[in-house]
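To be precise, the following lines are model_14.txt, and they hold compact mmCIF, C-alpha atoms.
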```txt
# COMPACT_ATOMS: atom_id res chain seq x y z
CA MET A 411 23.53 96.75 35.96
CA THR A 412 23.33 98.73 32.85
CA MET A 413 20.20 99.25 30.82
CA ALA A 414 21.54 97.00 28.08
CA GLN A 415 22.13 94.11 30.56
CA ALA A 416 18.64 94.60 31.97
CA ARG A 417 17.19 94.29 28.49
CA ASP A 418 19.16 91.07 27.95
CA ILE A 419 17.87 89.52 31.24
CA ALA A 420 14.20 90.59 30.86
CA PRO A 421 12.08 88.03 29.01
CA ASP A 422 10.91 88.89 25.59
CA ARG A 423 7.38 90.22 25.54
CA PRO A 424 5.16 89.62 22.54
CA ALA A 425 4.62 92.65 20.47
CA ARG A 426 1.18 94.20 20.76
CA LYS A 427 -0.84 93.58 17.66
CA VAL A 428 -2.31 96.58 16.00
CA THR A 429 -5.54 95.61 14.29
CA ALA A 430 -6.64 97.64 11.35
CA PRO A 431 -10.18 98.94 11.48
CA ARG A 432 -12.61 96.59 9.80
CA PRO A 433 -14.25 97.90 6.70
CA ALA A 434 -17.92 98.57 7.02
CA GLY A 435 -19.82 95.49 5.92
CA PRO A 436 -22.89 95.45 3.70
CA LEU A 437 -26.22 96.51 5.13
CA SER A 438 -28.40 93.85 6.66
CA ALA A 439 -31.50 92.68 4.84
CA LYS A 440 -33.75 94.29 7.45
CA THR A 441 -32.01 97.66 7.03
CA VAL A 442 -32.32 97.43 3.26
CA ASP A 443 -36.04 96.65 3.54
CA THR A 444 -36.54 99.61 5.84
CA LEU A 445 -34.68 101.96 3.50
CA VAL A 446 -36.68 100.72 0.52
CA GLN A 447 -39.96 101.27 2.38
CA ILE A 448 -38.92 104.79 3.38
CA ALA A 449 -37.89 105.54 -0.20
CA VAL A 450 -41.25 104.32 -1.55
CA VAL A 451 -43.19 106.43 0.95
CA ALA A 452 -41.04 109.48 0.20
CA LEU A 453 -41.55 108.98 -3.54
CA LEU A 454 -45.32 108.77 -3.19
CA ALA A 455 -45.36 111.81 -0.90
CA GLY A 456 -43.26 113.76 -3.40
CA MET A 457 -45.54 112.78 -6.28
CA TRP A 458 -48.54 113.88 -4.21
CA GLU A 459 -46.99 117.24 -3.30
CA PHE A 460 -45.60 118.18 -6.72
CA GLY A 461 -48.61 116.84 -8.60
CA ALA A 462 -50.97 119.03 -6.59
CA ARG A 463 -48.63 122.04 -6.57
CA PHE A 464 -47.95 122.24 -10.30
CA GLY A 465 -51.40 121.57 -11.67
CA ALA A 466 -51.14 117.92 -12.62
CA LEU A 467 -53.89 117.20 -10.08
CA ASN A 468 -56.86 119.27 -9.00
CA PRO A 469 -55.86 120.96 -5.71
CA PHE A 470 -59.44 120.77 -4.46
CA LEU A 471 -59.80 117.06 -5.11
CA LEU A 472 -56.26 116.33 -3.90
CA PRO A 473 -54.75 119.20 -1.87
CA PRO A 474 -50.96 119.37 -1.51
CA LEU A 475 -49.45 117.26 1.22
CA SER A 476 -47.85 120.30 2.83
CA VAL A 477 -51.26 121.95 3.18
CA VAL A 478 -52.70 118.79 4.72
CA LEU A 479 -49.82 118.55 7.20
CA GLY A 480 -50.30 122.21 8.03
CA ARG A 481 -53.96 121.58 8.85
CA ILE A 482 -52.98 118.65 11.07
CA TRP A 483 -50.49 120.86 12.92
CA GLU A 484 -53.13 123.53 13.45
CA ASP A 485 -55.53 120.91 14.83
CA VAL A 486 -52.78 119.58 17.09
CA LEU A 487 -52.23 123.04 18.55
CA ALA A 488 -56.00 123.41 19.01
CA GLY A 489 -56.23 120.03 20.73
CA ASN A 490 -58.68 118.53 18.23
CA VAL A 491 -56.33 115.85 16.89
CA LEU A 492 -55.49 114.47 20.31
CA VAL A 493 -59.17 114.21 21.24
CA ASP A 494 -60.17 112.54 17.96
CA LEU A 495 -57.24 110.13 17.89
CA GLY A 496 -57.68 109.35 21.58
CA LEU A 497 -61.36 108.48 21.17
CA THR A 498 -60.74 106.39 18.07
CA LEU A 499 -57.85 104.54 19.71
CA TYR A 500 -59.87 104.00 22.89
CA ARG A 501 -62.80 102.46 21.01
CA ALA A 502 -60.59 100.31 18.79
CA LEU A 503 -58.34 98.96 21.54
CA LEU A 504 -61.14 98.35 24.05
CA GLY A 505 -63.22 96.52 21.45
CA PHE A 506 -60.14 94.56 20.38
CA VAL A 507 -59.35 93.53 23.97
CA ILE A 508 -62.94 92.42 24.60
CA GLY A 509 -62.96 90.43 21.36
CA ALA A 510 -59.66 88.78 22.28
CA ALA A 511 -60.83 88.03 25.82
CA ILE A 512 -63.82 86.16 24.40
CA GLY A 513 -62.30 84.76 21.21
CA ILE A 514 -59.16 83.14 22.63
CA PRO A 515 -60.99 81.05 25.29
CA ALA A 516 -63.69 80.16 22.75
CA GLY A 517 -61.07 78.91 20.29
CA ILE A 518 -59.35 76.85 22.98
CA VAL A 519 -62.66 75.33 24.09
CA MET A 520 -63.54 74.48 20.49
CA ALA A 521 -60.21 72.70 20.04
CA ARG A 522 -60.49 70.70 23.26
CA SER A 523 -64.21 69.91 23.46
CA ALA A 524 -66.14 68.14 20.71
CA VAL A 525 -69.48 69.30 22.11
CA MET A 526 -68.47 72.97 22.07
CA ARG A 527 -66.96 72.54 18.62
CA TRP A 528 -70.26 71.15 17.29
CA PHE A 529 -72.06 74.11 18.82
CA LEU A 530 -69.69 76.97 17.93
CA ASP A 531 -68.25 75.86 14.61
CA PRO A 532 -71.43 76.56 12.57
CA LEU A 533 -71.77 79.99 14.18
CA VAL A 534 -68.16 80.89 13.44
CA SER A 535 -68.38 79.51 9.90
CA ILE A 536 -71.47 81.62 9.20
CA GLY A 537 -70.27 84.78 10.96
CA PHE A 538 -66.70 84.87 9.68
CA PRO A 539 -67.43 85.75 6.01
CA MET A 540 -70.46 87.89 6.86
CA PRO A 541 -70.01 91.69 6.68
CA LYS A 542 -70.09 92.60 10.37
CA ILE A 543 -71.04 96.23 9.77
CA ALA A 544 -74.51 95.01 8.74
CA PHE A 545 -75.20 94.40 12.44
CA LEU A 546 -74.59 98.04 13.36
CA PRO A 547 -78.29 99.07 13.17
CA ILE A 548 -79.14 96.15 15.49
CA PHE A 549 -76.48 97.17 17.99
CA ILE A 550 -77.74 100.76 17.89
CA LEU A 551 -81.26 99.53 18.68
CA TRP A 552 -80.08 97.20 21.43
CA PHE A 553 -77.62 99.57 23.06
CA ASP A 554 -77.20 103.27 22.30
CA ILE A 555 -75.81 105.69 19.75
CA TYR A 556 -72.73 106.47 21.81
CA ASP A 557 -69.59 104.50 22.61
CA THR A 558 -71.23 101.25 23.75
CA SER A 559 -72.57 100.22 20.35
CA LYS A 560 -69.31 101.25 18.65
CA ILE A 561 -67.17 99.22 21.02
CA ILE A 562 -69.43 96.17 20.77
CA MET A 563 -69.32 96.47 16.99
CA VAL A 564 -65.51 96.44 17.10
CA SER A 565 -65.51 93.44 19.47
CA PHE A 566 -67.88 91.59 17.18
CA SER A 567 -65.60 92.23 14.19
CA CYS A 568 -62.46 91.16 16.05
CA PHE A 569 -63.98 88.02 17.57
CA PHE A 570 -64.12 85.88 14.43
CA PRO A 571 -60.51 86.08 13.19
CA ILE A 572 -59.25 85.59 16.74
CA VAL A 573 -61.40 82.53 17.49
CA ALA A 574 -60.58 81.00 14.09
CA ALA A 575 -56.82 81.49 14.54
CA THR A 576 -56.91 80.18 18.11
CA TYR A 577 -58.87 77.10 17.09
CA ALA A 578 -56.51 76.42 14.19
CA GLY A 579 -53.47 76.86 16.43
CA CYS A 580 -54.73 74.62 19.24
CA SER A 581 -56.19 71.88 17.03
CA GLY A 582 -53.07 71.54 14.89
CA LEU A 583 -50.59 70.95 17.70
CA ASP A 584 -48.09 68.12 17.69
CA LYS A 585 -49.46 65.26 19.85
CA TRP A 586 -46.11 64.04 21.16
CA PRO A 587 -45.47 66.89 23.64
CA ILE A 588 -49.05 66.57 24.90
CA TRP A 589 -48.74 62.80 25.36
CA SER A 590 -45.35 63.22 27.01
CA ALA A 591 -46.74 65.78 29.48
CA ARG A 592 -49.67 63.54 30.31
CA SER A 593 -47.41 60.53 30.81
CA LEU A 594 -45.47 62.59 33.35
CA GLY A 595 -48.67 63.28 35.31
CA ALA A 596 -49.45 66.80 34.11
CA LYS A 597 -52.97 67.98 34.92
CA GLU A 598 -55.28 69.56 32.37
CA SER A 599 -54.67 73.06 33.74
CA ALA A 600 -50.92 72.56 33.44
CA LEU A 601 -51.37 71.25 29.90
CA LEU A 602 -53.31 74.37 29.00
CA TRP A 603 -50.82 76.90 30.34
CA GLU A 604 -47.56 75.05 29.69
CA VAL A 605 -48.23 73.09 26.49
CA TYR A 606 -51.31 74.24 24.56
CA LEU A 607 -50.91 78.00 24.83
CA PRO A 608 -47.12 78.21 24.24
CA MET A 609 -47.30 75.93 21.22
CA ALA A 610 -50.33 77.73 19.76
CA MET A 611 -49.05 81.21 20.60
CA PRO A 612 -47.67 82.05 17.10
CA GLN A 613 -51.01 81.25 15.50
CA ILE A 614 -52.95 83.12 18.18
CA ILE A 615 -50.82 86.25 17.76
CA THR A 616 -51.29 86.02 14.00
CA GLY A 617 -55.04 86.11 14.60
CA LEU A 618 -54.57 89.16 16.80
CA GLN A 619 -52.54 90.85 14.08
CA VAL A 620 -55.38 90.23 11.63
CA ALA A 621 -58.07 91.35 14.09
CA LEU A 622 -56.44 94.62 15.16
CA PRO A 623 -56.51 96.33 11.72
CA THR A 624 -60.03 94.97 11.29
CA GLY A 625 -60.99 96.63 14.56
CA MET A 626 -59.41 99.90 13.45
CA ILE A 627 -61.35 99.83 10.18
CA THR A 628 -64.59 99.03 11.98
CA THR A 629 -64.03 101.89 14.41
CA ILE A 630 -63.54 104.42 11.62
CA VAL A 631 -66.59 103.15 9.71
CA THR A 632 -68.84 103.24 12.77
CA GLU A 633 -67.69 106.77 13.55
CA MET A 634 -68.47 107.81 9.98
CA LEU A 635 -71.94 106.26 10.08
CA MET A 636 -72.88 107.38 13.60
CA GLY A 637 -71.10 110.73 13.77
CA GLY A 638 -69.73 112.32 16.91
CA ARG A 639 -66.13 112.92 17.89
CA GLY A 640 -63.41 110.72 16.50
CA VAL A 641 -61.34 110.63 13.34
CA GLY A 642 -64.15 109.11 11.27
CA GLY A 643 -66.73 111.57 12.54
CA SER A 644 -64.42 114.52 11.87
CA MET A 645 -63.81 113.31 8.30
CA ILE A 646 -67.53 113.05 7.60
CA MET A 647 -68.09 116.51 9.07
CA ALA A 648 -65.34 117.93 6.86
CA GLY A 649 -66.84 116.21 3.82
CA ARG A 650 -70.26 117.75 4.48
CA PHE A 651 -68.71 121.21 4.29
CA ALA A 652 -66.60 120.35 1.19
CA ASP A 653 -63.42 120.67 3.26
CA SER A 654 -61.15 118.40 1.24
CA VAL A 655 -58.10 119.40 3.29
CA GLY A 656 -59.87 118.21 6.46
CA VAL A 657 -60.83 114.93 4.80
CA PHE A 658 -57.26 114.21 3.73
CA ALA A 659 -55.98 115.29 7.12
CA GLY A 660 -58.15 112.55 8.63
CA ILE A 661 -56.78 110.03 6.13
CA VAL A 662 -53.19 110.91 7.07
CA GLN A 663 -54.05 110.62 10.76
CA ILE A 664 -55.56 107.17 10.17
CA ILE A 665 -52.46 106.06 8.27
CA LEU A 666 -50.12 107.20 11.04
CA LEU A 667 -52.30 105.73 13.81
CA GLY A 668 -52.64 102.40 12.03
CA PHE A 669 -48.91 102.24 11.37
CA ILE A 670 -48.07 102.85 15.02
CA VAL A 671 -50.60 100.32 16.29
CA VAL A 672 -49.61 97.57 13.85
CA LYS A 673 -45.88 98.07 14.45
CA SER A 674 -46.45 98.04 18.21
CA LEU A 675 -48.16 94.66 17.92
CA GLU A 676 -45.24 93.38 15.86
CA ILE A 677 -42.87 94.41 18.66
CA VAL A 678 -45.08 92.63 21.19
CA ARG A 679 -45.00 89.51 19.00
CA ARG A 680 -41.20 89.53 18.90
CA ARG A 681 -41.08 89.93 22.66
CA LEU A 682 -43.54 87.13 23.37
CA LEU A 683 -42.01 84.75 20.83
CA ILE A 684 -38.37 85.41 21.65
CA TRP A 685 -38.04 81.67 22.38
CA HIS A 686 -39.61 80.67 19.04
CA PRO A 687 -37.49 79.76 15.97
CA GLU A 688 -39.12 82.60 14.00
CA SER A 689 -37.29 85.14 16.20
CA ARG A 690 -33.96 83.86 14.88
CA ARG A 691 -34.79 84.50 11.24
```
Representation of the structure as structure tokens:
Amino acid sequence: MTMAQARDIAPDRPARKVTAPRPAGPLSAKTVDTLVQIAVVALLAGMWEFGARFGALNPFLLPPLSVVLGRIWEDVLAGNVLVDLGLTLYRALLGFVIGAAIGIPAGIVMARSAVMRWFLDPLVSIGFPMPKIAFLPIFILWFDIYDTSKIIMVSFSCFFPIVAATYAGCSGLDKWPIWSARSLGAKESALLWEVYLPMAMPQIITGLQVALPTGMITTIVTEMLMGGRGVGGSMIMAGRFADSVGVFAGIVQIILLGFIVVKSLEIVRRRLLIWHPESRR
């Protein structure tokens, strides 16, 4: 059999399609938002640097950004930045966790018990708008001038937004899933863990996202007022010696630390609410 006869007998095979490479589509909305945010930060940083370098701003009152970053790098090599940031983060996160551990159960109890709501609602209503830092002298008298009073001050500041958000989330739930679960014989403990908490979780996490920056602010303020190691204490010490570079170095450290902490909580929210419709937006 010749090659020509073999080609006549063999069935025709479909030709392989060659697909042209797809043109790159437009950027997603999230990518555009990120690029815009980076551009805004870069613009402000450039204005800061060039304004201080070329005399538009007083270099003592606003030192150049490059000088501030150089001071931060020197402190990193000396180990001061890690100690200060570590202490500030430790106080803020521990106080935040304690406030959440008390505030979330308190909000759930307020939503499910009329007696506890009558008892706690006036206290929360009075304490929420009150400036919490006014209680710092009391906490210093009751506890000490070291970490205990600072952590309790942070917990006290974080408690109110967390309990308010938890109460709002648990009291505004749709009644039909709760009635359906009860009609199927679900116990109160099962209702709590499988109905109340999942449905109220977006509101609870929103309260946590409000409380965490509040706890960071309270930590810095208490460190400034009480002194000692920490970012706030280091800034006050630099201010006493007219070290403007050290003061702005502390501000940059606070900005970076706050950004990392807040973005980390956003990632946790996306992970916990992967089942929620908001994750598909």
Residue with smallest distance to Ile630 in chain A - pool A:Arg592, A:Lys560, A:Arg681, A:Arg527, counting only C-alpha atoms: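 Smallest separation from Ile630 in chain A among the options: A:Lys560.
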Which is closest to Gln619 in chain A among A:Lys597, A:Arg650, A:Arg639, A:Lys673, if we use only C-alpha atoms?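 With only C-alpha atoms as the atom set, the closest residue is A:Lys673.
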For range 464-480 of chain A, list every protein, DNA or RNA residue within 6 Å, evaluated using only C-alpha atoms, and leave out those in the same chain fewer than 4 positions away; present the list as JSON, numbers by chain. {"A": [459, 460, 655, 659]}
One number please: CA of Ala524 in chain A to CA of Gly582 in chain A, in Å, one decimal. 14.7 Å
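Take the candidates A:Gly642, A:Gly649, A:Pro608, A:Gly456 and check each one against Arg501 in chain A using only C-alpha atoms; the shortest distance goes to A:Gly642.
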How many Å lie between CA of Val620 in chain A and CA of Ile572 in chain A, rounded to one decimal?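 Separation between CA of Val620 in chain A and CA of Ile572 in chain A: 7.9 Å.
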